[in-house]
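**Student:** Provided herewith is a single structure, encoded as structure tokens, for subsequent inquiry.
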Amino acid sequence: MTTECLFCKMVSGQIKPNTVYEDDDVLAFKDINPQAPVHVLVIPKKHTATLNDLKPGDAGLVGKLLMTAAQIAKNSGVAESGYRAVLNCNADAGQSVFHVHLHLLGGRFLRWPPG
């Protein structure tokens, strides 16, 4: 955990997100600037700045992020109609908080290619 990281502050409880799921490894909360009717961020509680910084031992945790997103999509009623799971890496891809996070987007038609 880093003391300056916004998401680490959420993990530690210093900032209270609008939580939709939490366990020992993962925190999921509603995005404060939603780009779809369902827009949830799924983060590992362990701080890792970008996908480039993940280690081989993190594979299970990354899998857990995806499985958590799929369950939240089901619980949110968008699993059948469709949803998108996005992991941005670094500034040119749109990463603005440097703590690995997955965007779960659904509840409307999502165009391709994105932005």
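Residue names in the structure tokens use chain letters A, B, ... in the order shown, residue numbers from 1 in each chain, and ligand numbers from 1 in the order shown.
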Using backbone DSSP assignments, extract all alpha helix (DSSP H) residues from chain A; output them as an MDAnalysis selection string.

**Tutor:** chainID A and resid 6:12 59:76

**Student:** Just to be explicit: take each residue in the selection above, keep N, CA and C atoms, and write the result as a short mmCIF file (atom, residue, chain, number, x, y, z; two decimals), in the first residue's frame.

**Tutor:**
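Final output, saved to selection36.cif:
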```
data_model
loop_
_atom_site.label_atom_id
_atom_site.label_comp_id
_atom_site.auth_asym_id
_atom_site.auth_seq_id
_atom_site.Cartn_x
_atom_site.Cartn_y
_atom_site.Cartn_z
N LEU A 6 -4.89 6.89 -4.17
CA LEU A 6 -6.32 7.04 -3.90
C LEU A 6 -6.97 5.70 -3.58
N PHE A 7 -6.68 4.68 -4.37
CA PHE A 7 -7.33 3.39 -4.16
C PHE A 7 -6.82 2.72 -2.89
N CYS A 8 -5.54 2.91 -2.55
CA CYS A 8 -5.03 2.36 -1.29
C CYS A 8 -5.73 3.02 -0.10
N LYS A 9 -6.07 4.30 -0.24
CA LYS A 9 -6.81 4.98 0.82
C LYS A 9 -8.21 4.38 0.97
N MET A 10 -8.79 3.92 -0.13
CA MET A 10 -10.09 3.26 -0.06
C MET A 10 -9.94 1.90 0.61
N VAL A 11 -8.91 1.17 0.25
CA VAL A 11 -8.66 -0.14 0.86
C VAL A 11 -8.47 0.00 2.37
N SER A 12 -7.74 1.03 2.80
CA SER A 12 -7.45 1.21 4.22
C SER A 12 -8.63 1.79 5.00
N ALA A 59 -0.87 -13.92 -10.83
CA ALA A 59 -1.82 -14.48 -11.81
C ALA A 59 -3.15 -14.85 -11.16
N GLY A 60 -3.12 -15.46 -10.01
CA GLY A 60 -4.36 -15.84 -9.34
C GLY A 60 -5.20 -14.64 -8.95
N LEU A 61 -4.53 -13.59 -8.52
CA LEU A 61 -5.24 -12.36 -8.13
C LEU A 61 -5.89 -11.71 -9.35
N VAL A 62 -5.19 -11.69 -10.46
CA VAL A 62 -5.76 -11.12 -11.69
C VAL A 62 -6.97 -11.94 -12.13
N GLY A 63 -6.86 -13.25 -12.02
CA GLY A 63 -8.01 -14.11 -12.31
C GLY A 63 -9.17 -13.81 -11.39
N LYS A 64 -8.88 -13.53 -10.14
CA LYS A 64 -9.93 -13.21 -9.17
C LYS A 64 -10.62 -11.90 -9.52
N LEU A 65 -9.86 -10.93 -10.05
CA LEU A 65 -10.49 -9.67 -10.50
C LEU A 65 -11.51 -9.95 -11.58
N LEU A 66 -11.14 -10.80 -12.55
CA LEU A 66 -12.05 -11.13 -13.65
C LEU A 66 -13.27 -11.91 -13.16
N MET A 67 -13.06 -12.87 -12.29
CA MET A 67 -14.18 -13.65 -11.76
C MET A 67 -15.11 -12.78 -10.93
N THR A 68 -14.54 -11.84 -10.18
CA THR A 68 -15.36 -10.90 -9.40
C THR A 68 -16.19 -10.02 -10.32
N ALA A 69 -15.56 -9.53 -11.39
CA ALA A 69 -16.29 -8.70 -12.35
C ALA A 69 -17.45 -9.47 -12.97
N ALA A 70 -17.22 -10.73 -13.32
CA ALA A 70 -18.29 -11.54 -13.92
C ALA A 70 -19.44 -11.73 -12.93
N GLN A 71 -19.13 -11.93 -11.66
CA GLN A 71 -20.19 -12.10 -10.66
C GLN A 71 -20.96 -10.79 -10.44
N ILE A 72 -20.25 -9.68 -10.42
CA ILE A 72 -20.92 -8.38 -10.27
C ILE A 72 -21.81 -8.10 -11.48
N ALA A 73 -21.34 -8.45 -12.68
CA ALA A 73 -22.16 -8.29 -13.88
C ALA A 73 -23.45 -9.10 -13.77
N LYS A 74 -23.32 -10.32 -13.28
CA LYS A 74 -24.51 -11.17 -13.09
C LYS A 74 -25.44 -10.54 -12.07
N ASN A 75 -24.89 -10.12 -10.93
CA ASN A 75 -25.71 -9.51 -9.88
C ASN A 75 -26.35 -8.21 -10.32
N SER A 76 -25.71 -7.50 -11.26
CA SER A 76 -26.22 -6.21 -11.75
C SER A 76 -27.19 -6.36 -12.90
#
```

**Student:** Applying 10 Å and only C-alpha atoms, which residues near region 95-110 of chain A remain after dropping the ones on its own chain fewer than 2 positions away? List them as a VMD selection string.

**Tutor:** chain A and resid 1 to 2 5 to 8 27 to 31 34 to 54 62 65 to 66 68 to 70 72 to 73 76 to 79 81 to 93 112 to 114

**Student:** Emit the selected residues as a compact mmCIF listing (two decimals), in the first residue's frame, including C-alpha atoms.

**Tutor:**
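Dumped to again-v1.txt:
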```
# COMPACT_ATOMS: atom_id res chain seq x y z
CA MET A 1 0.00 0.00 0.00
CA THR A 2 1.20 3.51 -0.75
CA CYS A 5 -2.59 6.21 -3.75
CA LEU A 6 -6.32 7.04 -3.90
CA PHE A 7 -7.33 3.39 -4.16
CA CYS A 8 -5.03 2.36 -1.29
CA LEU A 27 -12.54 -4.31 -3.40
CA ALA A 28 -15.20 -3.31 -5.94
CA PHE A 29 -17.01 0.02 -5.95
CA LYS A 30 -19.09 2.26 -8.20
CA ASP A 31 -17.10 4.66 -10.37
CA PRO A 34 -19.76 6.48 -14.63
CA GLN A 35 -19.54 5.95 -18.38
CA ALA A 36 -22.40 3.42 -18.43
CA PRO A 37 -25.40 2.62 -16.21
CA VAL A 38 -23.25 -0.06 -14.58
CA HIS A 39 -19.67 1.16 -14.05
CA VAL A 40 -17.83 -0.59 -11.26
CA LEU A 41 -14.10 -0.57 -10.52
CA VAL A 42 -12.65 -3.86 -9.29
CA ILE A 43 -9.26 -3.50 -7.61
CA PRO A 44 -6.81 -5.76 -5.83
CA LYS A 45 -6.21 -4.69 -2.26
CA LYS A 46 -2.51 -5.23 -2.89
CA HIS A 47 -0.99 -2.14 -4.50
CA THR A 48 0.49 -2.65 -7.94
CA ALA A 49 0.78 0.46 -10.11
CA THR A 50 0.19 -0.97 -13.61
CA LEU A 51 -0.28 -4.24 -15.46
CA ASN A 52 3.40 -3.95 -16.40
CA ASP A 53 4.31 -4.26 -12.71
CA LEU A 54 2.47 -7.53 -12.08
CA VAL A 62 -5.76 -11.12 -11.69
CA LEU A 65 -10.49 -9.67 -10.50
CA LEU A 66 -12.05 -11.13 -13.65
CA THR A 68 -15.36 -10.90 -9.40
CA ALA A 69 -16.29 -8.70 -12.35
CA ALA A 70 -18.29 -11.54 -13.92
CA ILE A 72 -20.92 -8.38 -10.27
CA ALA A 73 -22.16 -8.29 -13.88
CA SER A 76 -26.22 -6.21 -11.75
CA GLY A 77 -28.33 -7.82 -14.45
CA VAL A 78 -25.96 -7.16 -17.36
CA ALA A 79 -24.30 -10.56 -17.77
CA SER A 81 -27.09 -8.59 -22.40
CA GLY A 82 -23.34 -8.00 -22.33
CA TYR A 83 -20.69 -6.04 -20.53
CA ARG A 84 -17.10 -4.96 -20.96
CA ALA A 85 -14.16 -5.59 -18.62
CA VAL A 86 -11.33 -3.11 -19.28
CA LEU A 87 -7.83 -2.89 -17.81
CA ASN A 88 -5.99 0.27 -18.90
CA CYS A 89 -2.21 0.42 -18.65
CA ASN A 90 -0.45 3.79 -18.39
CA ALA A 91 -1.48 7.28 -19.40
CA ASP A 92 -1.89 6.83 -23.18
CA ALA A 93 -4.44 4.07 -22.50
CA TRP A 112 -16.36 -0.80 -30.80
CA PRO A 113 -13.68 0.28 -31.13
CA PRO A 114 -13.65 2.26 -27.88
```

**Student:** With DSSP run on the backbone, what are the strand (DSSP E or B) residues within region 13-111 of chain A? I'd like them as a list in words.

**Tutor:**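 Result set for region 13-111 of chain A (strand (DSSP E or B)): Thr19, Val20, Tyr21, Glu22, Val26, Leu27, Ala28, Phe29, Lys30, Val38, His39, Val40, Leu41, Val42, Ile43, Pro44, Tyr83, Arg84, Ala85, Val86, Leu102, His103, Leu104, Leu105 and Gly106 of chain A.
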